[in-house]
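File shown here: entry.txt, holding compact mmCIF, C-alpha atoms.
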```
# COMPACT_ATOMS: atom_id res chain seq x y z
CA MET E 94 -22.65 -18.42 -45.03
CA SER E 95 -24.65 -19.90 -42.23
CA ARG E 96 -25.02 -18.00 -39.01
CA ASP E 97 -25.30 -21.03 -36.76
CA PRO E 98 -22.43 -20.89 -34.26
CA LEU E 99 -22.04 -24.65 -34.44
CA ILE E 100 -21.32 -24.42 -38.13
CA LEU E 101 -19.11 -21.35 -37.85
CA GLY E 102 -17.08 -22.97 -35.12
CA HIS E 103 -16.73 -26.06 -37.32
CA VAL E 104 -18.33 -28.31 -34.72
CA VAL E 105 -20.68 -29.40 -37.47
CA GLY E 106 -18.03 -30.73 -39.79
CA ASP E 107 -15.36 -31.87 -37.39
CA VAL E 108 -17.55 -33.68 -34.90
CA LEU E 109 -21.05 -33.96 -36.27
CA ASP E 110 -23.02 -33.85 -39.45
CA PRO E 111 -25.71 -31.19 -39.82
CA PHE E 112 -28.68 -32.03 -37.67
CA ALA E 113 -31.88 -30.41 -36.49
CA ARG E 114 -32.02 -29.22 -32.92
CA SER E 115 -35.09 -30.73 -31.30
CA VAL E 116 -34.40 -30.93 -27.58
CA SER E 117 -33.11 -28.26 -25.27
CA LEU E 118 -29.74 -28.78 -23.64
CA GLY E 119 -28.47 -26.66 -20.79
CA VAL E 120 -24.96 -27.14 -19.48
CA THR E 121 -24.02 -25.24 -16.35
CA TYR E 122 -20.60 -25.10 -14.71
CA LYS E 123 -20.77 -23.52 -11.25
CA ASN E 124 -23.81 -21.38 -12.02
CA ARG E 125 -22.44 -20.24 -15.34
CA LEU E 126 -24.37 -21.44 -18.37
CA VAL E 127 -22.40 -22.63 -21.35
CA ILE E 128 -23.21 -20.70 -24.49
CA ASN E 129 -21.59 -21.65 -27.78
CA GLY E 130 -18.09 -20.37 -28.11
CA SER E 131 -17.75 -18.98 -24.62
CA GLU E 132 -14.43 -19.32 -22.86
CA PHE E 133 -13.92 -21.47 -19.78
CA LYS E 134 -10.70 -21.87 -17.85
CA PRO E 135 -9.62 -25.35 -16.78
CA SER E 136 -10.16 -24.33 -13.17
CA ALA E 137 -13.80 -23.57 -13.94
CA VAL E 138 -14.47 -26.95 -15.53
CA VAL E 139 -12.80 -29.20 -13.01
CA ASP E 140 -16.04 -30.75 -11.81
CA LYS E 141 -18.76 -32.18 -13.96
CA PRO E 142 -21.43 -29.70 -14.96
CA LEU E 143 -25.14 -29.81 -14.41
CA VAL E 144 -26.64 -30.93 -17.69
CA GLN E 145 -30.33 -30.27 -18.02
CA VAL E 146 -32.11 -32.18 -20.75
CA GLY E 147 -35.37 -31.00 -22.30
CA GLY E 148 -37.99 -32.98 -24.11
CA ASP E 149 -41.31 -34.08 -22.70
CA ASP E 150 -41.57 -37.85 -22.61
CA LEU E 151 -39.83 -39.53 -19.69
CA ARG E 152 -39.69 -42.75 -21.62
CA ILE E 153 -37.22 -41.37 -24.15
CA PHE E 154 -33.58 -41.80 -23.18
CA TYR E 155 -30.61 -39.72 -24.19
CA THR E 156 -26.86 -40.13 -24.25
CA LEU E 157 -24.51 -37.26 -23.51
CA VAL E 158 -21.07 -37.22 -25.09
CA MET E 159 -18.35 -34.73 -24.22
CA VAL E 160 -15.41 -34.65 -26.61
CA ASP E 161 -12.44 -32.49 -27.43
CA PRO E 162 -11.84 -32.50 -31.20
CA ASP E 163 -8.66 -30.48 -30.86
CA ALA E 164 -6.54 -32.88 -28.86
CA PRO E 165 -3.60 -32.58 -28.33
CA ASN E 166 -3.14 -29.38 -30.34
CA PRO E 167 -5.65 -27.66 -32.65
CA SER E 168 -2.94 -27.31 -35.31
CA ASP E 169 -2.24 -31.00 -35.15
CA PRO E 170 -5.26 -32.88 -33.80
CA THR E 171 -3.83 -36.38 -33.93
CA LEU E 172 -5.95 -37.60 -31.01
CA ARG E 173 -9.19 -36.20 -32.40
CA GLU E 174 -11.53 -36.65 -30.65
CA TYR E 175 -10.69 -37.12 -27.00
CA LEU E 176 -13.61 -38.46 -24.99
CA HIS E 177 -14.02 -36.67 -21.69
CA TRP E 178 -17.40 -37.91 -20.49
CA LEU E 179 -20.09 -40.32 -21.53
CA VAL E 180 -23.43 -40.61 -19.77
CA THR E 181 -26.18 -42.80 -21.09
CA ASP E 182 -29.83 -43.59 -20.33
CA ILE E 183 -30.74 -40.06 -19.30
CA PRO E 184 -34.53 -39.74 -19.27
CA ALA E 185 -36.02 -36.69 -20.96
CA THR E 186 -36.79 -33.65 -18.79
CA THR E 187 -34.19 -34.72 -16.24
CA ASN E 188 -30.49 -34.10 -15.89
CA ALA E 189 -27.33 -36.12 -16.37
CA SER E 190 -27.20 -37.33 -12.78
CA PHE E 191 -30.20 -39.51 -13.59
CA GLY E 192 -28.22 -41.40 -16.21
CA ARG E 193 -25.47 -44.03 -16.16
CA GLU E 194 -21.98 -42.59 -16.34
CA ILE E 195 -20.11 -45.14 -18.41
CA VAL E 196 -17.02 -43.03 -19.01
CA CYS E 197 -16.30 -40.89 -15.98
CA TYR E 198 -15.83 -37.15 -16.23
CA GLU E 199 -12.29 -36.07 -16.97
CA CYS E 200 -11.79 -32.35 -16.87
CA PRO E 201 -10.27 -30.77 -19.97
CA ARG E 202 -6.63 -29.83 -19.49
CA PRO E 203 -5.39 -28.51 -22.81
CA ALA E 204 -1.63 -28.39 -23.02
CA SER E 205 -1.40 -26.09 -26.01
CA GLY E 206 -3.69 -24.06 -28.18
CA ILE E 207 -7.33 -23.21 -27.72
CA HIS E 208 -9.48 -26.32 -27.70
CA ARG E 209 -13.15 -26.66 -28.40
CA VAL E 210 -14.98 -28.88 -25.95
CA VAL E 211 -18.21 -30.15 -27.46
CA LEU E 212 -21.17 -31.64 -25.64
CA VAL E 213 -23.58 -33.60 -27.78
CA LEU E 214 -26.95 -34.97 -26.77
CA LEU E 215 -28.06 -38.01 -28.72
CA ARG E 216 -31.38 -39.79 -28.62
CA GLN E 217 -31.31 -43.50 -27.98
CA ILE E 218 -33.64 -45.99 -29.58
CA GLY E 219 -34.17 -47.76 -26.29
CA ARG E 220 -32.68 -48.28 -22.89
CA GLU E 221 -29.29 -49.87 -22.21
CA THR E 222 -28.38 -49.85 -25.86
CA VAL E 223 -25.04 -48.07 -25.45
CA PHE E 224 -21.76 -49.77 -24.57
CA THR E 225 -18.51 -48.45 -23.20
CA PRO E 226 -15.91 -47.54 -25.82
CA GLU E 227 -12.43 -49.00 -25.61
CA MET E 228 -10.42 -45.85 -25.15
CA ARG E 229 -10.80 -42.13 -24.83
CA HIS E 230 -8.56 -40.92 -27.58
CA ASN E 231 -9.30 -41.10 -31.30
CA PHE E 232 -12.96 -41.37 -30.48
CA SER E 233 -15.42 -40.65 -33.25
CA THR E 234 -18.83 -39.32 -32.31
CA ARG E 235 -20.14 -40.05 -35.78
CA ARG E 236 -19.02 -43.66 -35.69
CA PHE E 237 -20.23 -44.08 -32.12
CA ALA E 238 -23.66 -42.74 -33.06
CA MET E 239 -23.84 -45.02 -36.05
CA GLU E 240 -22.84 -48.10 -34.08
CA HIS E 241 -25.40 -47.49 -31.36
CA TYR E 242 -28.19 -46.09 -33.54
CA LEU E 243 -28.08 -42.69 -31.88
CA VAL E 244 -29.45 -39.49 -33.36
CA PRO E 245 -28.01 -36.11 -32.38
CA VAL E 246 -30.68 -33.75 -31.07
CA ALA E 247 -28.66 -30.99 -29.42
CA ALA E 248 -25.11 -29.77 -29.12
CA THR E 249 -23.17 -27.00 -27.50
CA TYR E 250 -19.53 -26.18 -27.13
CA TYR E 251 -17.12 -23.93 -25.30
CA ASN E 252 -13.46 -23.02 -25.70
CA CYS E 253 -10.81 -23.97 -23.22
CA GLN E 254 -7.14 -23.12 -23.07
CA ARG E 255 -4.36 -23.35 -20.54
CA GLU E 256 -4.88 -21.53 -17.29
CA ALA E 257 -2.19 -19.02 -18.13
CA GLY E 258 -3.45 -18.52 -21.67
CA THR E 259 -1.84 -19.19 -25.03
CA GLY E 260 0.02 -16.86 -27.31
CA GLY E 261 3.32 -15.15 -27.00
CA ARG E 262 6.58 -16.30 -28.47
CA ARG E 263 7.45 -19.85 -27.69
CA PHE E 264 11.10 -20.66 -27.21
CA ILE E 265 12.59 -23.99 -28.14
CA ARG E 266 12.54 -26.07 -25.03
CA ASP E 267 11.77 -29.66 -24.27
CA ASP E 268 8.82 -28.78 -22.08
CA ARG E 269 6.69 -27.44 -24.86
CA CYS E 270 3.88 -25.16 -23.81
CA MET J 12 18.88 -43.44 -33.67
CA VAL J 13 15.52 -45.03 -33.99
CA SER J 14 14.57 -43.72 -30.57
CA SER J 15 15.35 -40.13 -31.49
CA SER J 16 13.14 -40.30 -34.56
CA SER J 17 10.31 -41.92 -32.63
CA SER J 18 10.58 -39.36 -29.85
CA SER J 19 10.33 -36.59 -32.40
CA ARG J 20 7.19 -38.26 -33.72
CA SER J 21 5.51 -38.62 -30.36
CA SER J 22 5.53 -34.90 -29.70
CA PRO J 23 3.88 -33.46 -32.78
CA SER J 24 4.65 -29.83 -32.22
CA SER J 25 6.08 -27.30 -34.51
CA ASN J 26 9.81 -27.75 -33.76
CA PRO J 27 10.86 -31.37 -33.78
CA SER J 28 14.36 -30.37 -34.79
CA VAL J 29 15.12 -29.53 -31.17
CA LEU J 30 15.39 -33.18 -30.23
CA ILE J 31 18.33 -33.74 -32.54
CA PRO J 32 21.47 -34.32 -30.49
CA PRO J 33 24.28 -31.85 -31.07
CA THR J 34 26.58 -34.41 -32.66
CA MET J 35 24.14 -34.95 -35.51
CA ARG J 36 23.69 -31.33 -36.45
CA ARG J 37 26.39 -31.15 -39.03
CA THR J 38 25.14 -34.21 -40.84
CA MET J 39 21.63 -32.84 -40.86
CA GLU J 40 22.70 -29.86 -42.93
CA GLU J 41 24.20 -32.22 -45.41
CA VAL J 42 21.09 -34.34 -45.46
CA TRP J 43 18.93 -31.35 -46.04
CA ASN J 44 21.18 -30.22 -48.82
CA ASP J 45 20.69 -33.63 -50.27
CA ILE J 46 16.95 -33.47 -49.89
CA SER J 47 16.76 -30.06 -51.47
CA LEU J 48 18.60 -31.56 -54.39
CA THR J 49 15.93 -34.17 -54.88
CA THR J 50 13.16 -31.64 -55.41
CA PRO J 51 12.60 -30.90 -59.08
CA HIS J 52 12.87 -27.13 -58.67
CA HIS J 53 16.18 -27.33 -56.93
CA GLU J 54 19.27 -28.04 -58.83
CA ARG J 55 21.37 -25.87 -56.61
CA LEU J 56 25.05 -26.37 -56.08
CA LEU J 57 26.38 -27.08 -52.67
CA ILE J 58 28.28 -24.23 -51.11
CA PRO J 59 32.02 -25.00 -51.00
CA SER J 60 32.02 -25.08 -47.21
CA ASP J 61 29.33 -27.70 -47.32
CA HIS J 62 31.40 -29.75 -49.73
CA GLN J 63 34.28 -29.83 -47.32
CA SER J 64 32.22 -30.56 -44.28
CA TYR J 65 30.45 -33.31 -46.14
CA HIS J 66 33.72 -34.92 -47.04
CA HIS J 67 35.04 -34.39 -43.57
CA HIS J 68 32.19 -36.11 -41.79
CA HIS J 69 31.48 -38.83 -44.25
CA PRO J 70 34.82 -40.19 -45.21
CA ALA J 71 33.50 -43.62 -45.99
CA SER J 72 29.97 -44.74 -46.48
CA SER J 73 27.88 -43.61 -43.56
CA PRO J 74 25.00 -45.83 -42.50
CA SER J 75 22.41 -43.31 -43.62
CA PHE J 76 23.78 -42.78 -47.12
CA LYS J 77 24.56 -46.40 -47.77
CA GLY J 78 27.67 -45.95 -49.84
CA MET J 79 26.48 -42.99 -51.88
CA ILE J 80 29.22 -40.58 -52.67
CA LEU J 81 29.20 -36.90 -53.38
CA GLN J 82 29.39 -37.38 -57.12
CA ASP J 83 26.18 -39.33 -56.97
CA PHE J 84 24.46 -36.46 -55.21
CA LEU J 85 25.65 -34.03 -57.77
CA ALA J 86 24.49 -36.32 -60.54
CA GLY J 87 20.96 -35.23 -59.79
CA PRO J 88 17.85 -36.89 -58.49
CA LEU J 89 17.20 -39.09 -61.49
CA ASN J 90 20.62 -40.69 -61.46
CA ARG J 91 20.65 -41.20 -57.76
CA PRO J 92 21.14 -44.74 -56.59
CA ARG J 93 17.87 -45.87 -55.08
CA THR J 94 18.44 -45.79 -51.38
CA ILE J 95 15.23 -43.95 -50.76
CA SER J 96 11.89 -45.62 -50.83
CA PRO J 97 9.70 -44.44 -53.74
CA HIS J 98 7.07 -43.30 -51.27
CA ALA J 99 9.48 -40.92 -49.58
CA VAL J 100 10.60 -39.50 -52.90
CA GLU J 101 7.05 -38.65 -53.86
CA GLU J 102 6.38 -37.08 -50.52
CA LEU J 103 9.53 -35.01 -50.50
CA PRO J 104 8.66 -32.38 -53.11
CA LEU J 105 5.39 -31.84 -51.42
CA LEU J 106 6.28 -31.73 -47.76
CA PRO J 107 9.90 -31.98 -46.73
CA PRO J 108 9.59 -31.80 -42.96
CA PRO J 109 12.64 -31.38 -40.71
CA LEU J 110 13.51 -34.58 -38.87
CA SER J 111 16.29 -36.58 -37.34
CA PRO J 112 19.07 -36.91 -39.88
CA THR J 113 20.25 -40.35 -38.94
CA LEU J 114 17.26 -42.04 -40.56
CA PRO J 115 16.35 -39.54 -43.23
CA ARG J 116 14.49 -41.82 -45.57
CA THR J 117 12.22 -43.86 -43.38
CA ALA J 118 11.66 -41.13 -40.85
CA LEU J 119 10.74 -38.73 -43.60
CA SER J 120 8.26 -41.06 -45.18
CA LEU J 121 6.63 -41.62 -41.81
CA ASN J 122 6.38 -38.04 -40.78
CA SER J 123 5.54 -36.64 -44.17
CA GLY J 124 2.73 -39.18 -44.26
CA LEU J 125 1.57 -37.84 -40.93
CA GLU J 126 1.57 -34.29 -42.13
CA PHE J 127 -0.03 -35.15 -45.39
CA GLU J 128 -2.84 -36.89 -43.55
CA TYR J 129 -3.22 -33.85 -41.41
CA LEU J 130 -3.76 -31.65 -44.42
CA ARG J 131 -6.23 -33.99 -46.03
CA PRO J 132 -8.82 -34.12 -43.22
CA HIS J 133 -8.73 -30.38 -43.23
CA ALA J 134 -9.49 -30.47 -46.91
CA ASP J 135 -12.44 -32.76 -46.33
CA SER J 136 -13.91 -31.09 -43.33
CA HIS J 137 -13.53 -27.61 -44.65
CA SER J 138 -15.00 -28.33 -48.01
CA ASN J 139 -18.45 -27.25 -46.96
CA SER J 140 -17.45 -24.42 -44.76
CA SER J 141 -16.73 -20.81 -45.34
CA SER J 142 -13.00 -21.33 -45.09
CA ASN J 143 -12.95 -22.80 -48.55
CA GLY J 144 -10.75 -20.01 -49.74
CA GLN J 145 -8.32 -20.77 -46.96
CA ASN J 146 -8.33 -24.43 -47.80
CA THR J 147 -7.26 -23.93 -51.36
CA CYS J 148 -4.28 -21.89 -50.35
CA PHE J 149 -3.02 -24.45 -47.82
CA ILE J 150 -2.22 -27.17 -50.28
CA PRO J 151 -0.65 -25.03 -52.98
CA SER J 152 1.56 -23.30 -50.48
CA ALA J 153 2.67 -26.66 -49.18
CA ILE J 154 3.42 -27.86 -52.69
CA SER J 155 5.23 -24.68 -53.53
CA GLY J 156 7.29 -25.13 -50.43
CA ALA J 157 10.06 -26.34 -52.67
CA ILE J 158 10.27 -22.96 -54.30
CA ASP J 159 12.87 -20.66 -52.87
CA GLY J 160 11.68 -18.03 -50.53
CA PRO J 161 13.60 -15.57 -48.41
CA PRO J 162 14.05 -17.21 -45.04
CA SER J 163 12.99 -14.81 -42.35
CA PRO J 164 15.52 -14.00 -39.70
CA THR J 165 13.06 -14.96 -37.01
CA ALA J 166 12.55 -18.38 -38.56
CA LEU J 167 16.26 -18.97 -38.71
CA PHE J 168 16.73 -17.78 -35.16
CA SER J 169 14.05 -19.96 -33.80
CA PHE J 170 15.41 -23.05 -35.47
CA CYS J 171 19.11 -22.53 -34.94
CA SER J 172 20.95 -22.52 -31.69
CA LYS J 173 23.67 -19.98 -31.24
CA ASN J 174 26.45 -22.48 -31.79
CA ARG J 175 25.33 -23.52 -35.25
CA LEU J 176 26.30 -22.19 -38.60
CA PRO J 177 23.48 -20.53 -40.50
CA GLU J 178 21.40 -23.10 -42.35
CA ASN J 179 20.96 -23.51 -46.00
CA SER J 180 18.33 -21.05 -47.16
CA ALA J 181 16.18 -23.80 -48.69
CA VAL J 182 15.73 -25.45 -45.32
CA GLY J 183 14.93 -22.14 -43.70
CA ALA J 184 12.44 -21.38 -46.45
CA ASP J 185 10.66 -24.69 -45.94
CA ARG J 186 10.35 -24.15 -42.23
CA TYR J 187 9.34 -20.55 -42.74
CA ARG J 188 6.67 -21.73 -45.10
CA ARG J 189 5.43 -24.35 -42.71
CA ARG J 190 5.25 -21.79 -39.96
CA MET J 191 3.32 -19.49 -42.23
CA ILE J 192 0.82 -22.23 -43.05
CA ASN J 193 0.34 -23.03 -39.40
CA ASN J 194 -0.05 -19.41 -38.59
CA ARG J 195 -2.63 -18.98 -41.33
CA GLU J 196 -4.60 -21.90 -40.02
CA SER J 197 -4.47 -20.54 -36.49
CA ALA J 198 -5.60 -17.18 -37.73
CA ALA J 199 -8.49 -18.76 -39.62
CA ARG J 200 -9.51 -20.71 -36.55
CA SER J 201 -9.30 -17.59 -34.47
CA ARG J 202 -11.51 -15.70 -36.87
CA ALA J 203 -14.00 -18.55 -36.97
CA ARG J 204 -14.05 -18.70 -33.21
CA LYS J 205 -14.66 -15.00 -32.91
CA GLN J 206 -17.37 -15.04 -35.54
CA ALA J 207 -19.11 -18.02 -33.95
CA TYR J 208 -19.13 -16.39 -30.53
CA THR J 209 -20.39 -13.09 -31.91
CA ASN J 210 -23.19 -14.83 -33.73
CA GLU J 211 -24.13 -16.80 -30.68
CA LEU J 212 -24.32 -13.61 -28.63
CA GLU J 213 -26.48 -11.96 -31.27
CA LEU J 214 -28.83 -14.92 -31.31
CA GLU J 215 -28.94 -14.88 -27.53
CA VAL J 216 -29.74 -11.17 -27.53
CA SER J 217 -32.60 -11.59 -29.97
CA ARG J 218 -33.89 -14.59 -28.02
CA LEU J 219 -33.84 -12.65 -24.79
CA LYS J 220 -35.47 -9.62 -26.37
CA GLU J 221 -38.24 -11.79 -27.66
CA GLU J 222 -38.74 -13.42 -24.29
CA ASN J 223 -38.70 -10.03 -22.63
CA ALA J 224 -41.34 -8.68 -24.97
CA LYS J 225 -43.51 -11.72 -24.40
CA LEU J 226 -43.22 -11.47 -20.66
CA LYS J 227 -44.00 -7.77 -20.69
CA LYS J 228 -47.10 -8.40 -22.72
CA HIS J 229 -48.18 -11.15 -20.38
CA TYR J 230 -47.62 -8.90 -17.40
CA GLU J 231 -49.70 -6.15 -18.95
CA GLU J 232 -52.51 -8.54 -19.63
CA LEU J 233 -52.46 -9.82 -16.11
CA ARG J 234 -52.34 -6.32 -14.71
CA SER J 235 -55.25 -5.10 -16.73
CA ALA J 236 -57.21 -8.18 -15.74
CA MET J 237 -56.48 -7.47 -12.09
CA VAL J 238 -57.46 -3.80 -12.42
CA ALA J 239 -60.69 -4.76 -14.09
CA GLN J 240 -61.34 -7.20 -11.30
CA GLN J 241 -60.76 -4.54 -8.69
CA LEU J 242 -63.02 -1.99 -10.34
CA LYS J 243 -65.77 -4.50 -10.40
CA SER J 244 -65.74 -5.10 -6.68
CA ASN J 245 -64.65 -1.97 -4.82
CA THR J 246 -66.88 -2.47 -1.83
CA LEU J 247 -66.68 -5.10 0.81
CA GLN J 248 -68.72 -8.08 0.02
CA ARG J 249 -69.40 -11.41 1.45
CA SER J 250 -67.62 -13.83 -0.75
CA PHE J 251 -68.20 -16.97 1.15
CA THR J 252 -70.76 -17.75 3.82
CA ALA J 253 -70.33 -20.52 6.26
CA ARG J 254 -73.29 -22.54 7.44
CA PHE J 255 -73.00 -21.69 11.10
```

Written as structure tokens, how would this file's structure read?
Amino acid sequence: MSRDPLILGHVVGDVLDPFARSVSLGVTYKNRLVINGSEFKPSAVVDKPLVQVGGDDLRIFYTLVMVDPDAPNPSDPTLREYLHWLVTDIPATTNASFGREIVCYECPRPASGIHRVVLVLLRQIGRETVFTPEMRHNFSTRRFAMEHYLVPVAATYYNCQREAGTGGRRFIRDDRC
Amino acid sequence: MVSSSSSSRSSPSSNPSVLIPPTMRRTMEEVWNDISLTTPHHERLLIPSDHQSYHHHHPASSPSFKGMILQDFLAGPLNRPRTISPHAVEELPLLPPPLSPTLPRTALSLNSGLEFEYLRPHADSHSNSSSNGQNTCFIPSAISGAIDGPPSPTALFSFCSKNRLPENSAVGADRYRRRMINNRESAARSRARKQAYTNELELEVSRLKEENAKLKKHYEELRSAMVAQQLKSNTLQRSFTARF
């Protein structure tokens, strides 16, 4: 049994294939650093985070993908994955604001269940090689990476649930929580 | 009728039976009796009250049963006139999900396909993970959903409104079983989540300890270098002389 949190949390498996981490990735929401598996409320992730990219060569460009593989409900993820944010052409050693935001940041608002929100950093082969996907839902990071010749170099994820929390008996109503 | 089945599809939550309008409830019981008859393990007789209500509400051929009569039901699944698509029949023993009764056949084949697909990706994605043991018990429990099980009172309560008669125990058992599967999956995910976070914290702790040790060492080195420097030159000295 591997001890890597990405494997234990099934991020590797649902979203990505096993890869080797080679570049540092730091995601910070309002001065709070994202560590794998930590819990963030929707109110804390309303605005886009500061994403610091490592590496050493400014000529290498990265793409950042933010997806929710548990949309709309982790027990029934029919919209897996839901694309929340896509920034491309980020130079190494800089942050996401230096890149091109081709799918604008949409804050996670899970309706039911506890969702994983995964941020993946992928290395591009060159500049302006990534194109905007058609729609946010039923996105596939694997397929996207294959189509644009991207290689995953770093990933992190956090958990997000409704503001009021999940759990408790649910009664049969039309407005399902 | 089509709209009610499509609306139940668009909200894939655990209780699609809620969207069934009250007028259809009686027929649904009959439909579910019928469906439980099609499963190979079930050759149960209809309760007399169900007989009567069936006759009462389906005097002639109803649109959903297409001219099938009670005797045909009782004849058993093999002799049944083929009003169901073969695909739905295959799916039924595996996953009979509760749905709108007015279009039992087509709606079932659609939704059971949906659920079946849902189970399969889990099978694929979990094949390499530690929840392999969990994975193997999902599918068999779904397949054995046709086997009778005691319906829990809570399951019945949650699926029946107060005005309804108690459901057939087979239907309750199926829903109970589905709930149990979902609960198991949620529990597995919860455990995985907890384990992943714990591991991440442990890794973080060891990383920070290492960094701390390194920094302390560096500090000590710098300090001793500074002390050595100071010992060397304890008196005032000219360090730099200007020309003027």

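One finds atom CA of His208 of chain E at 29.3 Å from atom CA of Ala184 of chain J.
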
Please report as a tab-separated table every residue of chain E lying within 12 Å of chain J, along with the nearest atom pair and their distance in Å (one decimal), using only C-alpha atoms.
```
residue	atom	partner	partner_atom	distance
E:Met94	CA	J:Ser141	CA	6.4
E:Ser95	CA	J:Ser141	CA	8.6
E:Arg96	CA	J:Asn210	CA	6.4
E:Asp97	CA	J:Asn210	CA	7.2
E:Pro98	CA	J:Ala207	CA	4.4
E:Leu99	CA	J:Ala207	CA	7.3
E:Ile100	CA	J:Ser140	CA	7.7
E:Leu101	CA	J:Ala207	CA	5.1
E:Gly102	CA	J:Ala207	CA	5.5
E:His103	CA	J:Ser140	CA	7.7
E:Val104	CA	J:Ser136	CA	10.1
E:Val105	CA	J:Ser136	CA	9.1
E:Gly106	CA	J:Ser136	CA	5.4
E:Asp107	CA	J:Ser136	CA	6.2
E:Val108	CA	J:Ser136	CA	9.5
E:Leu109	CA	J:Ser136	CA	10.4
E:Asp110	CA	J:Ser136	CA	10.3
E:Pro111	CA	J:Asn139	CA	10.9
E:Val127	CA	J:Glu211	CA	11.1
E:Ile128	CA	J:Glu211	CA	7.4
E:Asn129	CA	J:Glu211	CA	6.2
E:Gly130	CA	J:Tyr208	CA	4.8
E:Ser131	CA	J:Tyr208	CA	6.6
E:Glu132	CA	J:Tyr208	CA	9.5
E:Asp163	CA	J:Arg200	CA	11.3
E:Ala164	CA	J:Pro23	CA	11.1
E:Pro165	CA	J:Pro23	CA	8.7
E:Asn166	CA	J:Ser24	CA	8.0
E:Pro167	CA	J:Ser197	CA	8.2
E:Ser168	CA	J:Asn193	CA	6.8
E:Asp169	CA	J:Tyr129	CA	6.9
E:Pro170	CA	J:Tyr129	CA	7.9
E:Thr171	CA	J:Tyr129	CA	7.9
E:Leu172	CA	J:Pro23	CA	10.8
E:Arg173	CA	J:Pro132	CA	11.0
E:Ala204	CA	J:Ser24	CA	11.2
E:Ser205	CA	J:Ser24	CA	9.4
E:Gly206	CA	J:Ser197	CA	9.1
E:Ile207	CA	J:Ser201	CA	9.0
E:His208	CA	J:Arg204	CA	10.5
E:Arg209	CA	J:Arg204	CA	9.3
E:Thr249	CA	J:Glu211	CA	10.7
E:Tyr250	CA	J:Tyr208	CA	10.4
E:Tyr251	CA	J:Tyr208	CA	9.4
E:Asn252	CA	J:Arg204	CA	8.7
E:Cys253	CA	J:Arg204	CA	11.8
E:Thr259	CA	J:Ser197	CA	11.8
E:Gly260	CA	J:Ser197	CA	10.9
E:Arg262	CA	J:Ser169	CA	9.9
E:Arg263	CA	J:Ser169	CA	9.0
E:Phe264	CA	J:Ser169	CA	7.3
E:Ile265	CA	J:Val29	CA	6.8
E:Arg266	CA	J:Val29	CA	7.5
E:Asp267	CA	J:Val29	CA	7.7
E:Asp268	CA	J:Ser22	CA	10.3
E:Arg269	CA	J:Ser24	CA	8.0
E:Cys270	CA	J:Ser24	CA	9.7
```

Prev. selection, C-alpha atoms, output as a short mmCIF file (atom, residue, chain, number, x, y, z; two decimals), in the coordinates of the input:
```cif
data_model
loop_
_atom_site.label_atom_id
_atom_site.label_comp_id
_atom_site.auth_asym_id
_atom_site.auth_seq_id
_atom_site.Cartn_x
_atom_site.Cartn_y
_atom_site.Cartn_z
CA MET E 94 -22.65 -18.42 -45.03
CA SER E 95 -24.65 -19.90 -42.23
CA ARG E 96 -25.02 -18.00 -39.01
CA ASP E 97 -25.30 -21.03 -36.76
CA PRO E 98 -22.43 -20.89 -34.26
CA LEU E 99 -22.04 -24.65 -34.44
CA ILE E 100 -21.32 -24.42 -38.13
CA LEU E 101 -19.11 -21.35 -37.85
CA GLY E 102 -17.08 -22.97 -35.12
CA HIS E 103 -16.73 -26.06 -37.32
CA VAL E 104 -18.33 -28.31 -34.72
CA VAL E 105 -20.68 -29.40 -37.47
CA GLY E 106 -18.03 -30.73 -39.79
CA ASP E 107 -15.36 -31.87 -37.39
CA VAL E 108 -17.55 -33.68 -34.90
CA LEU E 109 -21.05 -33.96 -36.27
CA ASP E 110 -23.02 -33.85 -39.45
CA PRO E 111 -25.71 -31.19 -39.82
CA VAL E 127 -22.40 -22.63 -21.35
CA ILE E 128 -23.21 -20.70 -24.49
CA ASN E 129 -21.59 -21.65 -27.78
CA GLY E 130 -18.09 -20.37 -28.11
CA SER E 131 -17.75 -18.98 -24.62
CA GLU E 132 -14.43 -19.32 -22.86
CA ASP E 163 -8.66 -30.48 -30.86
CA ALA E 164 -6.54 -32.88 -28.86
CA PRO E 165 -3.60 -32.58 -28.33
CA ASN E 166 -3.14 -29.38 -30.34
CA PRO E 167 -5.65 -27.66 -32.65
CA SER E 168 -2.94 -27.31 -35.31
CA ASP E 169 -2.24 -31.00 -35.15
CA PRO E 170 -5.26 -32.88 -33.80
CA THR E 171 -3.83 -36.38 -33.93
CA LEU E 172 -5.95 -37.60 -31.01
CA ARG E 173 -9.19 -36.20 -32.40
CA ALA E 204 -1.63 -28.39 -23.02
CA SER E 205 -1.40 -26.09 -26.01
CA GLY E 206 -3.69 -24.06 -28.18
CA ILE E 207 -7.33 -23.21 -27.72
CA HIS E 208 -9.48 -26.32 -27.70
CA ARG E 209 -13.15 -26.66 -28.40
CA THR E 249 -23.17 -27.00 -27.50
CA TYR E 250 -19.53 -26.18 -27.13
CA TYR E 251 -17.12 -23.93 -25.30
CA ASN E 252 -13.46 -23.02 -25.70
CA CYS E 253 -10.81 -23.97 -23.22
CA THR E 259 -1.84 -19.19 -25.03
CA GLY E 260 0.02 -16.86 -27.31
CA ARG E 262 6.58 -16.30 -28.47
CA ARG E 263 7.45 -19.85 -27.69
CA PHE E 264 11.10 -20.66 -27.21
CA ILE E 265 12.59 -23.99 -28.14
CA ARG E 266 12.54 -26.07 -25.03
CA ASP E 267 11.77 -29.66 -24.27
CA ASP E 268 8.82 -28.78 -22.08
CA ARG E 269 6.69 -27.44 -24.86
CA CYS E 270 3.88 -25.16 -23.81
#
```

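Using all atoms listed in the file for every distance, the candidate list E:Ala238, E:Lys123, E:Pro184, E:Lys134 yields E:Pro184 as the residue closest to Gly147 of chain E.
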